[in-house]
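K.L.:
File input-v3.cif follows (mmCIF, C-alpha atoms):
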```cif
data_target
#
loop_
_atom_site.label_atom_id
_atom_site.label_comp_id
_atom_site.auth_asym_id
_atom_site.auth_seq_id
_atom_site.Cartn_x
_atom_site.Cartn_y
_atom_site.Cartn_z
CA MET M 218 87.65 29.52 -27.05
CA SER M 219 88.24 25.98 -25.80
CA ASN M 220 86.01 23.13 -26.98
CA ASP M 221 84.64 22.65 -23.44
CA ALA M 222 83.54 26.28 -23.17
CA ALA M 223 81.97 26.18 -26.66
CA ASP M 224 80.18 22.90 -25.82
CA LYS M 225 78.77 24.41 -22.61
CA LEU M 226 77.44 27.47 -24.41
CA HIS M 227 76.01 25.26 -27.13
CA SER M 228 74.20 23.10 -24.52
CA GLU M 229 72.79 26.17 -22.79
CA MET M 230 71.49 27.50 -26.07
CA ARG M 231 69.91 24.19 -27.02
CA ARG M 232 68.17 23.64 -23.70
CA GLY M 233 65.45 26.22 -24.27
CA ALA M 234 65.10 25.24 -27.93
CA ILE M 235 64.48 21.60 -27.02
CA VAL M 236 61.67 22.53 -24.60
CA LEU M 237 59.93 24.56 -27.31
CA GLY M 238 60.52 21.81 -29.86
CA VAL M 239 58.99 19.16 -27.59
CA LEU M 240 55.95 21.31 -26.80
CA ALA M 241 55.49 22.06 -30.51
CA GLN M 242 55.64 18.40 -31.47
CA LEU M 243 53.21 17.37 -28.70
CA ARG M 244 50.43 19.42 -30.28
CA GLU M 245 49.91 15.93 -31.73
CA GLU M 246 49.88 12.84 -29.54
CA HIS M 247 53.11 10.83 -29.30
CA TYR M 248 54.69 8.17 -27.17
CA GLY M 249 58.34 8.46 -26.18
CA TYR M 250 60.07 6.79 -29.11
CA SER M 251 57.78 8.28 -31.75
CA LEU M 252 58.33 11.74 -30.24
CA ARG M 253 62.10 11.39 -30.43
CA LYS M 254 61.91 10.14 -34.01
CA ALA M 255 59.56 12.95 -35.03
CA LEU M 256 61.89 15.56 -33.52
CA ALA M 257 64.92 13.97 -35.20
CA GLY M 258 63.05 13.92 -38.51
CA LYS M 259 62.68 17.70 -38.26
CA GLY M 260 66.34 18.26 -37.43
CA LEU M 261 66.18 18.33 -33.62
CA GLU M 262 68.24 15.40 -32.34
CA VAL M 263 67.61 14.83 -28.65
CA GLU M 264 69.31 12.15 -26.58
CA GLU M 265 67.17 9.66 -24.70
CA GLY M 266 68.75 10.73 -21.41
CA THR M 267 67.59 14.31 -22.07
CA LEU M 268 64.17 13.76 -23.67
CA TYR M 269 62.47 11.38 -21.29
CA PRO M 270 63.27 13.26 -18.04
CA LEU M 271 62.23 16.48 -19.79
CA VAL M 272 58.87 15.05 -20.80
CA ARG M 273 58.30 13.84 -17.25
CA ARG M 274 59.20 17.26 -15.86
CA LEU M 275 56.83 19.02 -18.27
CA GLU M 276 54.06 16.65 -17.23
CA GLN M 277 54.72 17.36 -13.55
CA GLN M 278 54.53 21.08 -14.32
CA GLY M 279 51.05 20.51 -15.79
CA LEU M 280 52.00 21.30 -19.39
CA LEU M 281 51.44 17.76 -20.67
CA GLU M 282 48.80 15.07 -20.18
CA SER M 283 49.52 11.39 -20.56
CA GLU M 284 47.65 8.10 -20.69
CA TRP M 285 48.68 4.49 -20.87
CA ARG M 286 47.35 2.48 -23.81
CA ARG M 287 48.08 -0.95 -25.17
CA GLU M 288 49.35 -0.83 -28.72
CA ASP M 289 51.21 -3.51 -30.71
CA LYS M 290 51.04 -5.87 -27.72
CA ARG M 291 52.86 -3.40 -25.49
CA LYS M 292 51.83 -0.77 -22.94
CA LYS M 293 52.79 2.68 -24.17
CA ARG M 294 52.50 6.07 -22.54
CA PHE M 295 51.05 8.69 -24.89
CA TYR M 296 51.69 12.38 -24.30
CA ARG M 297 50.00 15.51 -25.59
CA LEU M 298 49.77 19.17 -24.61
CA SER M 299 47.33 20.07 -21.83
CA ALA M 300 45.23 23.25 -21.99
CA GLN M 301 47.83 25.03 -19.84
CA GLY M 302 50.55 23.56 -22.03
CA ARG M 303 48.93 25.07 -25.13
CA GLU M 304 48.89 28.52 -23.52
CA VAL M 305 52.50 28.26 -22.37
CA TYR M 306 53.57 26.94 -25.78
CA GLN M 307 52.01 29.96 -27.51
CA GLN M 308 53.73 32.36 -25.08
CA LEU M 309 57.08 30.66 -25.58
CA LEU M 310 56.62 30.72 -29.34
CA ASP M 311 55.93 34.46 -29.27
CA ASP M 312 59.02 34.99 -27.06
CA TRP M 313 61.11 32.89 -29.43
CA ARG M 314 60.02 34.94 -32.45
CA ARG M 315 60.81 38.20 -30.64
CA LEU M 316 64.21 36.85 -29.63
CA GLY M 317 64.82 35.75 -33.18
CA ASP M 318 64.08 39.22 -34.50
CA SER M 319 66.44 40.75 -31.92
CA ILE M 320 69.22 38.33 -32.77
CA ALA M 321 68.69 38.96 -36.46
CA ALA M 322 68.94 42.70 -35.87
CA LEU M 323 72.09 42.26 -33.74
CA THR M 324 73.84 39.94 -36.14
CA GLY M 325 72.63 41.69 -39.26
CA SER M 326 71.36 38.37 -40.64
CA GLU M 327 67.95 37.39 -41.97
CA ASN M 328 65.56 35.71 -39.53
CA ASP M 329 65.68 32.32 -41.33
CA GLY M 330 63.86 29.47 -39.64
CA MET M 331 63.03 31.43 -36.52
CA GLY M 332 59.46 32.47 -37.29
CA MET N 63 64.83 -8.68 -21.26
CA GLU N 64 67.41 -9.31 -18.62
CA TRP N 65 69.63 -6.31 -19.30
CA VAL N 66 66.68 -3.92 -19.05
CA GLU N 67 65.60 -5.43 -15.74
CA ARG N 68 69.12 -5.15 -14.33
CA TYR N 69 69.28 -1.54 -15.46
CA LEU N 70 65.91 -0.67 -13.93
CA HIS N 71 66.87 -2.31 -10.63
CA GLN N 72 70.01 -0.16 -10.51
CA VAL N 73 68.16 3.05 -11.33
CA GLY N 74 65.55 2.18 -8.70
CA HIS N 75 68.31 1.78 -6.14
CA TYR N 76 69.21 5.47 -6.60
CA LEU N 77 65.62 6.70 -6.32
CA PRO N 78 63.63 7.45 -3.15
CA GLU N 79 61.13 4.73 -2.34
CA ASP N 80 58.04 6.82 -2.96
CA LYS N 81 59.13 7.61 -6.54
CA ARG N 82 60.67 4.27 -7.45
CA ALA N 83 57.63 2.42 -8.86
CA GLU N 84 56.33 5.31 -10.96
CA VAL N 85 59.70 6.32 -12.41
CA THR N 86 60.71 2.73 -13.11
CA GLU N 87 57.48 2.12 -14.99
CA SER N 88 57.95 5.27 -17.11
CA LEU N 89 61.56 4.40 -17.77
CA ARG N 90 60.69 0.83 -18.73
CA GLU N 91 58.19 2.13 -21.28
CA ALA N 92 60.75 4.55 -22.69
CA ILE N 93 63.50 1.91 -22.94
CA GLU N 94 61.20 -0.70 -24.48
CA GLY N 95 60.00 1.88 -27.00
CA GLU N 96 63.59 2.55 -28.04
CA ILE N 97 64.41 -1.15 -28.22
CA ASP N 98 61.32 -1.78 -30.38
CA GLY N 99 62.51 0.99 -32.67
CA LEU N 100 65.86 -0.77 -33.08
CA ALA N 101 64.08 -4.09 -33.54
CA ASP N 102 62.09 -2.63 -36.46
CA VAL N 103 65.39 -1.99 -38.17
CA HIS N 104 66.50 -5.62 -37.53
CA ASP N 105 63.29 -7.29 -38.83
CA GLY N 106 61.61 -7.46 -35.43
CA ARG N 107 64.42 -9.31 -33.67
CA VAL N 108 65.77 -7.90 -30.38
CA SER N 109 69.29 -8.96 -29.55
CA GLU N 110 71.31 -8.52 -26.39
CA ALA N 111 73.46 -6.03 -28.29
CA ASP N 112 70.36 -3.94 -29.08
CA GLN N 113 69.42 -3.84 -25.42
CA LYS N 114 72.94 -2.77 -24.41
CA THR N 115 73.05 -0.12 -27.16
CA VAL N 116 69.85 1.47 -25.92
CA LEU N 117 70.89 1.29 -22.26
CA ALA N 118 74.27 2.87 -23.10
CA ARG N 119 72.42 5.73 -24.80
CA PHE N 120 70.32 6.30 -21.69
CA GLY N 121 73.49 6.51 -19.63
CA HIS N 122 74.68 5.67 -16.14
CA PRO N 123 71.81 4.64 -13.82
CA LEU N 124 72.74 7.31 -11.27
CA LYS N 125 72.63 10.00 -13.96
CA VAL N 126 69.21 8.79 -15.10
CA ALA N 127 67.93 8.69 -11.50
CA ARG N 128 69.26 12.22 -10.99
CA ASP N 129 67.51 13.43 -14.14
CA TYR N 130 64.18 11.91 -13.07
CA HIS N 131 64.46 13.36 -9.61
CA PRO N 132 64.43 17.15 -8.99
CA LEU N 133 67.88 18.74 -8.68
CA ARG N 134 68.82 19.37 -5.08
CA TYR N 135 71.73 21.32 -3.71
CA LEU N 136 73.23 21.43 -0.26
CA VAL N 137 73.87 25.13 -0.80
CA GLY N 138 72.75 26.14 -4.32
CA PRO N 139 74.39 28.55 -6.75
CA ALA N 140 72.13 31.45 -5.72
CA LEU N 141 73.01 31.12 -2.04
CA TYR N 142 76.64 30.04 -2.42
CA PRO N 143 78.27 33.52 -2.60
CA VAL N 144 76.26 34.63 0.46
CA TRP N 145 77.22 31.45 2.32
CA TRP N 146 80.92 31.92 1.56
CA GLN N 147 80.88 35.58 2.57
CA THR N 148 79.05 34.72 5.80
CA VAL N 149 81.56 31.97 6.61
CA LYS N 150 84.44 34.46 6.26
CA GLN N 151 82.72 37.14 8.35
CA VAL N 152 81.70 34.73 11.09
CA ALA N 153 85.25 33.31 11.16
CA VAL N 154 86.59 36.82 11.83
CA LEU N 155 83.95 37.45 14.49
CA VAL N 156 84.63 34.13 16.24
CA LEU N 157 88.39 34.78 16.19
CA GLY N 158 87.88 38.18 17.82
CA ILE N 159 85.55 36.71 20.44
CA GLN N 160 87.97 33.89 21.22
CA VAL N 161 90.89 36.29 21.79
CA VAL N 162 88.82 38.62 23.97
CA VAL N 163 87.41 35.73 26.02
CA ALA N 164 90.93 34.30 26.46
CA LEU N 165 92.24 37.68 27.67
CA VAL N 166 89.33 38.13 30.08
CA ALA N 167 89.68 34.55 31.36
CA GLY N 168 93.42 35.04 31.81
CA ALA N 169 93.02 38.35 33.64
CA GLY N 170 90.09 37.19 35.75
CA THR N 171 91.02 33.63 36.69
CA GLY N 172 94.71 33.29 35.84
CA TRP N 173 93.87 30.78 33.11
CA THR N 174 96.79 30.02 30.77
CA VAL N 175 97.19 27.98 27.58
CA GLY N 176 100.09 26.52 25.58
CA ALA N 177 100.72 27.30 21.91
CA PHE N 178 99.39 24.01 20.53
CA ASP N 179 96.38 24.06 22.85
CA LEU N 180 95.64 27.63 21.70
CA LEU N 181 95.80 26.54 18.07
CA GLY N 182 93.48 23.63 18.87
CA LEU N 183 90.98 25.96 20.58
CA LEU N 184 91.03 28.39 17.65
CA LEU N 185 90.48 25.60 15.12
CA TYR N 186 87.71 24.11 17.27
CA GLY N 187 85.90 27.44 17.32
CA GLN N 188 86.32 27.93 13.57
CA PHE N 189 85.10 24.37 12.87
CA TRP N 190 81.87 24.89 14.81
CA ALA N 191 81.35 28.29 13.22
CA LEU N 192 81.60 26.65 9.78
CA VAL N 193 79.22 23.83 10.78
CA ILE N 194 76.59 26.20 12.20
CA VAL N 195 76.71 28.66 9.29
CA THR N 196 76.54 25.81 6.74
CA GLY N 197 73.65 24.20 8.64
CA VAL N 198 71.69 27.44 8.55
CA PHE N 199 72.24 27.84 4.82
CA VAL N 200 71.35 24.19 4.10
CA ALA N 201 68.08 24.81 5.98
CA ILE N 202 67.42 27.94 3.89
CA GLU N 203 68.16 26.04 0.66
CA THR N 204 65.95 23.09 1.64
CA SER N 205 63.07 25.31 2.69
CA GLY N 206 63.04 26.95 -0.74
CA GLU N 207 63.31 30.39 0.81
CA HIS N 208 65.71 32.84 -0.77
CA LEU N 209 67.66 35.55 0.92
CA ARG N 210 66.30 38.89 -0.13
CA ARG N 211 69.44 40.85 0.70
CA PHE N 212 70.41 41.19 -2.94
CA GLU N 213 67.03 42.59 -3.92
CA ARG N 214 67.06 44.97 -0.91
CA TRP N 215 70.56 46.30 -1.63
CA ARG N 216 70.88 50.04 -2.27
CA PRO N 217 74.00 52.07 -3.21
CA GLU N 218 73.65 53.93 0.14
CA GLN N 219 74.82 50.74 1.85
CA LEU N 220 78.29 51.06 0.34
CA PRO N 221 80.95 51.85 3.00
CA ALA N 222 81.42 55.62 3.28
CA HIS N 223 84.72 57.17 2.22
CA SER N 224 86.16 53.85 1.14
CA VAL N 225 89.64 54.31 -0.23
CA ALA N 226 90.83 50.87 -1.31
CA PRO N 227 90.01 47.16 -0.91
CA ILE N 228 92.07 45.39 1.74
CA ARG N 229 94.79 42.85 1.08
CA ARG N 230 93.25 39.98 2.99
CA GLY N 231 96.52 38.08 3.53
CA ASP N 232 98.27 41.11 5.02
CA VAL N 233 95.42 41.92 7.38
CA LEU N 234 95.13 38.27 8.49
CA THR N 235 98.87 38.14 9.18
CA ASN N 236 98.67 41.32 11.27
CA LEU N 237 95.64 39.99 13.10
CA PHE N 238 97.38 36.74 13.92
CA SER N 239 100.54 38.48 15.18
CA GLU N 240 98.58 40.97 17.27
CA GLY N 241 96.35 38.27 18.75
CA VAL N 242 99.30 36.06 19.69
CA PHE N 243 101.19 39.04 21.14
CA LEU N 244 98.24 40.17 23.27
CA LEU N 245 97.72 36.67 24.64
CA TRP N 246 101.43 36.23 25.38
CA TRP N 247 101.89 39.76 26.79
CA ASN N 248 99.06 39.18 29.26
CA ASP N 249 100.44 35.79 30.34
CA VAL N 250 97.52 33.84 28.85
CA LEU N 251 99.62 32.13 26.17
CA VAL N 252 102.54 30.32 27.78
CA LEU N 253 105.01 29.41 25.07
CA SER N 254 107.21 27.34 27.37
CA ARG N 255 104.29 24.99 28.15
CA TRP N 256 105.82 22.33 25.90
CA LEU N 257 109.05 22.23 27.91
CA PRO N 258 109.31 19.39 30.47
CA ASP N 259 108.67 20.37 34.11
CA SER N 260 111.96 18.79 35.16
CA LEU N 261 113.99 21.56 33.50
CA PRO N 262 115.22 24.28 35.89
CA ALA N 263 113.69 27.77 35.64
CA PHE N 264 114.96 29.81 32.70
CA PRO N 265 117.73 32.04 34.05
CA LEU N 266 116.87 35.06 31.84
CA GLN N 267 113.77 37.21 32.37
CA ALA N 268 112.27 40.48 31.18
CA GLY N 269 113.98 43.49 32.70
CA PRO N 270 112.39 46.45 34.56
CA ALA N 271 112.42 48.57 31.36
CA TRP N 272 109.26 46.70 30.25
CA ASP N 273 107.16 47.57 33.29
CA VAL N 274 106.19 51.05 32.15
CA TRP N 275 105.12 49.71 28.74
CA PHE N 276 102.61 47.08 29.92
CA TRP N 277 99.45 49.14 29.38
CA PRO N 278 100.67 51.27 26.43
CA LEU N 279 101.51 48.11 24.47
CA ASN N 280 98.19 46.54 25.45
CA LEU N 281 96.43 49.68 24.20
CA LEU N 282 98.38 49.91 20.94
CA PHE N 283 98.10 46.23 20.04
CA GLY N 284 94.51 46.02 21.29
CA VAL N 285 93.44 48.94 19.07
CA ALA N 286 95.36 47.42 16.13
CA PHE N 287 93.66 44.05 16.69
CA VAL N 288 90.16 45.52 16.80
CA LEU N 289 90.96 47.73 13.79
CA HIS N 290 92.11 44.77 11.70
CA LEU N 291 89.07 42.71 12.73
CA TRP N 292 86.86 45.57 11.57
CA VAL N 293 88.57 46.13 8.20
CA LEU N 294 88.57 42.36 7.56
CA PHE N 295 84.83 42.38 8.19
CA ARG N 296 84.21 45.40 5.94
CA GLY N 297 86.61 44.35 3.21
CA VAL N 298 87.76 47.92 2.45
CA TRP N 299 90.01 50.57 3.96
CA GLN N 300 88.14 53.77 4.80
CA ARG N 301 89.73 57.10 5.66
CA THR N 302 89.09 56.69 9.39
CA THR N 303 90.50 53.16 9.51
CA LEU N 304 93.55 54.17 7.48
CA TRP N 305 94.26 57.06 9.85
CA THR N 306 93.86 54.71 12.81
CA GLU N 307 96.31 52.34 11.13
CA VAL N 308 98.79 55.20 10.66
CA LEU N 309 98.49 56.22 14.32
CA THR N 310 98.82 52.70 15.75
CA CYS N 311 101.77 51.89 13.49
CA GLY N 312 103.40 55.16 14.45
CA GLY N 313 102.85 54.37 18.13
CA ILE N 314 104.33 50.88 17.83
CA ILE N 315 107.38 52.18 15.94
CA ALA N 316 107.91 54.90 18.56
CA VAL N 317 107.78 52.38 21.42
CA ALA N 318 110.12 50.04 19.53
CA LEU N 319 112.68 52.83 19.01
CA VAL N 320 112.53 53.78 22.69
CA LEU N 321 113.00 50.14 23.72
CA ILE N 322 115.97 49.71 21.39
CA ALA N 323 117.59 52.80 22.91
CA THR N 324 116.90 51.54 26.46
CA GLY N 325 118.99 49.11 28.51
CA ASP N 326 117.79 46.50 31.00
CA LEU N 327 115.46 44.71 28.61
CA VAL N 328 116.81 41.38 29.85
CA THR N 329 118.04 40.54 33.34
CA VAL N 330 119.66 37.46 34.84
CA ARG N 331 118.19 35.60 37.82
CA GLU N 332 120.42 34.99 40.87
CA LEU N 333 122.30 31.72 40.46
CA PRO N 334 124.34 29.90 43.14
CA SER N 335 127.79 29.93 41.50
CA GLU N 336 129.83 32.99 40.56
CA GLU N 337 131.08 31.30 37.40
CA ALA N 338 127.52 30.51 36.32
CA MET N 339 126.61 34.16 36.92
CA ARG N 340 129.57 35.33 34.77
CA TYR N 341 128.52 33.14 31.83
CA LEU N 342 124.88 34.05 32.25
CA GLY N 343 125.83 37.70 32.25
CA GLN N 344 127.42 37.26 28.82
CA GLY N 345 124.41 35.26 27.71
CA GLY N 346 122.08 37.95 29.00
CA ALA N 347 123.90 40.67 27.06
CA PHE N 348 123.71 38.54 23.94
CA ALA N 349 120.01 37.88 24.54
CA GLU N 350 119.38 41.61 24.97
CA ARG N 351 121.11 42.46 21.69
CA THR N 352 119.15 39.70 19.93
CA LEU N 353 115.92 40.98 21.43
CA LYS N 354 116.66 44.51 20.19
CA VAL N 355 117.27 43.12 16.69
CA ALA N 356 113.91 41.32 16.88
CA ILE N 357 112.22 44.56 18.04
CA ALA N 358 113.89 46.38 15.14
CA VAL N 359 112.54 43.77 12.71
CA VAL N 360 109.02 44.24 14.13
CA ALA N 361 109.49 48.01 13.79
CA GLY N 362 110.59 47.48 10.19
CA PHE N 363 107.48 45.49 9.27
CA THR N 364 105.32 48.02 11.07
CA ALA N 365 107.01 50.83 9.16
CA TRP N 366 106.16 49.02 5.93
CA ASP N 367 102.48 48.86 7.01
CA LEU N 368 102.65 52.56 7.92
CA TRP N 369 104.10 53.52 4.55
CA ARG N 370 101.44 51.51 2.69
CA ALA N 371 98.67 53.12 4.76
CA VAL N 372 100.02 56.62 4.01
CA ARG N 373 100.38 55.79 0.32
CA THR N 374 96.81 54.49 0.19
CA LEU N 375 95.54 57.65 1.92
CA ARG N 376 97.35 59.82 -0.60
CA GLY N 377 95.93 57.75 -3.45
#
```
Written as structure tokens, how would this file's structure read?
P.N.:
Amino acid sequence: MSNDAADKLHSEMRRGAIVLGVLAQLREEHYGYSLRKALAGKGLEVEEGTLYPLVRRLEQQGLLESEWRREDKRKKRFYRLSAQGREVYQQLLDDWRRLGDSIAALTGSENDGMG
Amino acid sequence: MEWVERYLHQVGHYLPEDKRAEVTESLREAIEGEIDGLADVHDGRVSEADQKTVLARFGHPLKVARDYHPLRYLVGPALYPVWWQTVKQVAVLVLGIQVVVALVAGAGTGWTVGAFDLLGLLLYGQFWALVIVTGVFVAIETSGEHLRRFERWRPEQLPAHSVAPIRRGDVLTNLFSEGVFLLWWNDVLVLSRWLPDSLPAFPLQAGPAWDVWFWPLNLLFGVAFVLHLWVLFRGVWQRTTLWTEVLTCGGIIAVALVLIATGDLVTVRELPSEEAMRYLGQGGAFAERTLKVAIAVVAGFTAWDLWRAVRTLRG
């Protein structure tokens, strides 16, 4: 398979994972930079050009709440899960675990890191 | 931070006015957060290079504006196959309508058209068909509605007794030839229109042998034209259409063989000088032989279509 095709499939696979990762991390309050650093610290590197539009989209969908606060002499926008976001996060997490079990059964591998 | 301001101005340029302020503010916060993070690494100092590094990581302003604004398609991926199929079907329909209208106009009013003008008219019709179909689908896409035809589809809608998919190029070629022939045969398409008026009348003309074939050829080629329009629309050969193809091809080959065996396909007009008549007589005989060769070639191609239709029927 060419590199381009593999890269496309890889991106498609990551897209859903990033959404779940962002929702998981925003169970605690973060602003943009701290969110990206926290995700990177747990092994999920997300580019700025991907993360910030995603966060905005999730907020527009009602899954996140935000507020502006002044911290360290600068205005920062802090995000956290909304009530609807918490419900959707739990549903997605359950789906993810079920998918993980199916993939493990299909590939004959253990379900490491998926539950 | 000058670089950040320049970047935000450019992103704002690509955003609609009602979203510009809000998105720019969010983006400024995000970029400044990233720059502060880099500054922490460099003991709190923010350099021009740091600003450019962060902006390069965010990417081209148009890409950022696109990512902050909902994705919009002219005709999206869900509608695209339906749009393309509709364009092809409407093109076939418009072509059929144009030929029929031209024949009716020619028969009713004596209207005629030259080859290049005919091509221009056909392209004009196809252009507007494409514009209208695309406009309708852009409206559907913009409205957020989705065509339900895929959800409503049932296996019963498959063409009955379909035998084989068509070869689109072959059917289009036949359609073109039949359309041009019908228009020319009924004196709507005048191929000599491009010749200057100052030239004298062409001394050779169709002979009396053609008279009896006017309506039979109209019928045969008319049925073939409608048949090929229909199969192009459906996309498959069915048993009935294949049998119709066999019959029309057989009819055309039979007429061609009769014409080849007949004389008087070409006659010479009366000319003033005897010498001119003698040379024209030789020219007329040559033209008649050439015409019979051309008819034989048409019969050959038609025989090929006939053989393929029979082979498809037999599977």
K.L.:
Could you list, as a PDB file with C-alpha atoms, in the frame of the given file, every residue matched by the PyMOL selection byres ((chain M) within 6 of (chain N)) in this structure?
P.N.:
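So the final result, stored in part-v1.pdb, reads:
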```
ATOM      1  CA  GLY M 249      58.340   8.460 -26.180  1.00  0.00           C
ATOM      2  CA  TYR M 250      60.070   6.790 -29.110  1.00  0.00           C
ATOM      3  CA  GLU M 265      67.170   9.660 -24.700  1.00  0.00           C
ATOM      4  CA  GLY M 266      68.750  10.730 -21.410  1.00  0.00           C
ATOM      5  CA  PRO M 270      63.270  13.260 -18.040  1.00  0.00           C
TER       6      PRO M 270
END
```
K.L.:
Give me, please, the distance in Å between atom CA of N:Gln300 and atom CA of N:Gly241, quoted to one decimal.
P.N.:
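Taking atom CA of N:Gln300 as the start and atom CA of N:Gly241 as the end point, the length is 22.4 Å.
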K.L.:
Running the PyMOL selection byres ((chain N and resi 230) around 12) on this model by hand, what would come out? Give it as a PyMOL selection string.
P.N.:
chain N and resi 150+154+226-229+231-237+290-291+293-299
K.L.:
Taking the file above as input, evaluate the PyMOL selection byres ((chain M and resi 262) around 12) and report the hits as a list of chain:residue names.
P.N.:
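Evaluating the PyMOL selection byres ((chain M and resi 262) around 12) on this file yields M:Arg231, M:Arg232, M:Ala234, M:Ile235, M:Gly238, M:Val239, M:Leu252, M:Arg253, M:Lys254, M:Ala255, M:Leu256, M:Ala257, M:Gly258, M:Lys259, M:Gly260, M:Leu261, M:Val263, M:Glu264, M:Glu265, M:Gly266, M:Thr267, M:Leu268.
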K.L.:
Set the distance at 10 Å and use only C-alpha atoms: which residues neighbour M:Leu309 once local chain neighbours fewer than 3 positions away are removed? I'd like the list as a JSON list (two decimals) with C-alpha atoms, in the frame of the given file.
P.N.:
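As written to disk, result.json reads:
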```json
[["chain", "number", "residue", "atom", "x", "y", "z"],
["M", 233, "GLY", "CA", 65.45, 26.22, -24.27],
["M", 234, "ALA", "CA", 65.10, 25.24, -27.93],
["M", 236, "VAL", "CA", 61.67, 22.53, -24.60],
["M", 237, "LEU", "CA", 59.93, 24.56, -27.31],
["M", 240, "LEU", "CA", 55.95, 21.31, -26.80],
["M", 303, "ARG", "CA", 48.93, 25.07, -25.13],
["M", 304, "GLU", "CA", 48.89, 28.52, -23.52],
["M", 305, "VAL", "CA", 52.50, 28.26, -22.37],
["M", 306, "TYR", "CA", 53.57, 26.94, -25.78],
["M", 312, "ASP", "CA", 59.02, 34.99, -27.06],
["M", 313, "TRP", "CA", 61.11, 32.89, -29.43],
["M", 314, "ARG", "CA", 60.02, 34.94, -32.45],
["M", 315, "ARG", "CA", 60.81, 38.20, -30.64]]
```
K.L.:
Record the distance separating atom CA of M:Arg291 and atom CA of N:His75, expressed in Å with one decimal.
P.N.:
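Separating atom CA of M:Arg291 from atom CA of N:His75 is a distance of 25.3 Å.
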K.L.:
When you look at stretch 274-285 of chain M with a cut-off of 7 Å (counting only C-alpha atoms), what residues show up, excluding the ones that are within fewer than 4 positions of it in the same chain? I need them as a CSV table (one decimal) with C-alpha atoms, in the coordinates of the input.
P.N.:
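Saved file part_25.csv follows:
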```csv
chain,number,residue,atom,x,y,z
M,270,PRO,CA,63.3,13.3,-18.0
M,292,LYS,CA,51.8,-0.8,-22.9
M,293,LYS,CA,52.8,2.7,-24.2
M,294,ARG,CA,52.5,6.1,-22.5
M,295,PHE,CA,51.0,8.7,-24.9
M,296,TYR,CA,51.7,12.4,-24.3
M,297,ARG,CA,50.0,15.5,-25.6
M,298,LEU,CA,49.8,19.2,-24.6
M,299,SER,CA,47.3,20.1,-21.8
M,301,GLN,CA,47.8,25.0,-19.8
M,302,GLY,CA,50.6,23.6,-22.0
```
K.L.:
Report as an MDAnalysis selection string all protein, DNA and RNA residues lying within 9 Å of N:Gly172, evaluated on all atoms listed in the file, omitting residues in the same chain fewer than 3 positions from it.
P.N.:
chainID N and resid 167:169 249:250
K.L.:
Which residue gives the smallest distance to N:Ile315 among N:Pro278, N:Pro139, N:Gly362, N:Gly377, with all atoms listed in the file counted?
P.N.:
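Among the listed residues, the smallest separation from N:Ile315 belongs to N:Gly362.
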K.L.:
Rounded to one decimal, what separation in Å do you get between atom CA of N:Pro123 and atom CA of N:Val73?
P.N.:
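Pair atom CA of N:Pro123 / atom CA of N:Val73 returns 4.7 Å.
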K.L.:
Nearest to N:Val200 among N:Leu136, N:Val163, N:Val288, N:Val156, with distances taken over all atoms listed in the file: which residue is it?
P.N.:
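Answer, going by the shortest atom-to-atom distance: N:Leu136.
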K.L.:
Identify which of the residues N:Leu244, N:Leu192, N:Leu220, N:Ile314 lies closest to N:Leu165, counting all atoms listed in the file when measuring atom-to-atom distances.
P.N.:
N:Leu244
K.L.:
I need the residue nearest N:Leu141 from this list: N:Leu209, N:Leu100, N:Ala111, N:Leu124. Use all atoms listed in the file for the distance.
P.N.:
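Nearest candidate to N:Leu141 out of N:Leu209, N:Leu100, N:Ala111, N:Leu124: N:Leu209.
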K.L.:
Write out as a PyMOL selection string the residues lying within 12 Å of stretch 323-328 of chain N, counting all atoms listed in the file and excluding same-chain residues fewer than 2 positions away.
P.N.:
chain N and resi 265-275+316-321+330-331+342-355+357-358
